[in-house]
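What follows is a short report on a single structure.
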Amino acid sequence: MSNLTIRILTELLEENWFSFHQIYAPLLSEKAKNLYINFYYQQSINERLNIHAYSFKSFLKNSKIKEEEFEEVFQELNELGLAKKKIKSNINTASEVLIKLKRALDIKEALKIEKIKGKLKATLTKEKFSELKLITEEVEEFEEEPIVEKEVLNKDIYCEFYNGVFKRLNEEFSVNDETLSLIKEYEKVITMEEFQNFAYQAIKELDGKYHISHNHFQFLIEQKINNNSDEKFDSFQYDLFWKGLLDNPDSKSKKIFKSLFSKYDCETLYKKLTNKPKTPIGLNKWIRDCIQNKNFSFPIINATMSFVKTLLHKIPVNYLIKLSDTLYENNATDFESFISHIKDVISHDADNKDRLNIKNKKKSFMFHY
């Protein structure tokens, strides 16, 4: 069970917390209430960090629920229609807990369900139950006029954007209003073809469904806007970072890491590191695999390419695939774990081939001292 992960799916953008606390909370134990709230916020955190799966053991620990209690506590949510669960297995071994989170119904809709209505009658005081009914009557009597949503993006522009991405992906995909607003904001300085390419690079897949990652899309746009084509590229700074990684404190490494690897999109950095005008098809496939299947951020992908270039003086795709697979298998996909793993690689290499000249540098330092 130690390798079990949890994946939380939800279509809701924002929970109806008023209804949750008025209708559902009185019918749930404290642990069940906390579990639902933790589901919601963990899913939100995962979405922001572009993480699909999360350690089941860590989630239970954060929710202060013992493993043997989980089924009983979860059943409370399931009975009220707040969540569903599915266990995925690999060769007779449970590997993933899949949670489908449901939005709390508003008070009016919830009271139409006899099961919920009956439980509330048995749990709440007569005065409190009457209060809830009064709220629904007021809603019916003073129903507001529907709000007409403003069009985020011109329909013709949206169709051109969607069709261009679809031709590249050859799959249906979803895109949220927040992402579309970026197109409207930057349409005067970025071409439609560039938007389509950025969107294609930012496509992520979850359970067979594709969507444009807003964070990835925004990152690519920002790199395009901030990138000064006339600025001189200094590859020596990238080599220097890796060769000094074992000696530099983590705080300094983190600062340099951000300045180097958040500066360019992956294809641009590859071209600058190799002085090649185009990126090979194999590299593009590797980048998409890192984004879609491994949840790598663009800076981590950039750092992986740069490290390989410094180590081997070239960037062979087969080596990138091997290294990224190892990183993924060891959960080294965030800055701290990634740097820790690369330090191990550098130390091992120093004791063998010493391709970064680590040992000779130390000997030279000792001699001059």
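By convention here, the chains of the structure tokens are called A, B, ... in the order presented, each chain's residues are numbered starting at 1, and ligands are numbered starting at 1 in the order presented.
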Cut-off 12 Å: closest region 109-222 of chain A/region 270-285 of chain A atom pairs per residue, using only C-alpha atoms, as CSV:
residue,atom,partner,partner_atom,distance
A:Asn197,CA,A:Asn284,CA,11.8
A:Tyr200,CA,A:Asn284,CA,11.1
A:Gln201,CA,A:Asn284,CA,9.0
Write a file of the selected residues as a short mmCIF file (atom, residue, chain, number, x, y, z; two decimals), in the first residue's frame, keeping C-alpha atoms.
data_model
loop_
_atom_site.label_atom_id
_atom_site.label_comp_id
_atom_site.auth_asym_id
_atom_site.auth_seq_id
_atom_site.Cartn_x
_atom_site.Cartn_y
_atom_site.Cartn_z
CA ASN A 197 1.81 26.01 -31.33
CA TYR A 200 -0.31 22.23 -28.66
CA GLN A 201 2.82 22.17 -26.50
#
Enumerate, as a ChimeraX atom specification, the complete set of residues in region 4-240 of chain A that a backbone-based DSSP assignment places in strand (DSSP E). /A:5-10,54-55,83-90,93-101,173-174,203-206,209-212
Please extract the residues of region 41-285 of chain A with a backbone DSSP assignment of helix (DSSP H, G or I) and present them as number ranges by chain. A: 41-49, 56-63, 67-79, 107-110, 114-123, 126-141, 155-169, 177-186, 192-201, 214-226, 235-243, 250-261, 266-274, 281-285
Given only C-alpha atoms as the counted atoms, nearest of A:Asn215, A:Thr125, A:Asn248, A:Asn62 to Lys31 (chain A):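 Checking each candidate against Lys31 (chain A), we get A:Asn62 as the closest.
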I'd like the neighbourhood of region 321-338 of chain A as a ChimeraX atom specification, where a residue qualifies if any of its atoms comes within 7 Å (using only C-alpha atoms), though same-chain residues fewer than 4 positions away should be ignored. /A:286,294,296,317,342
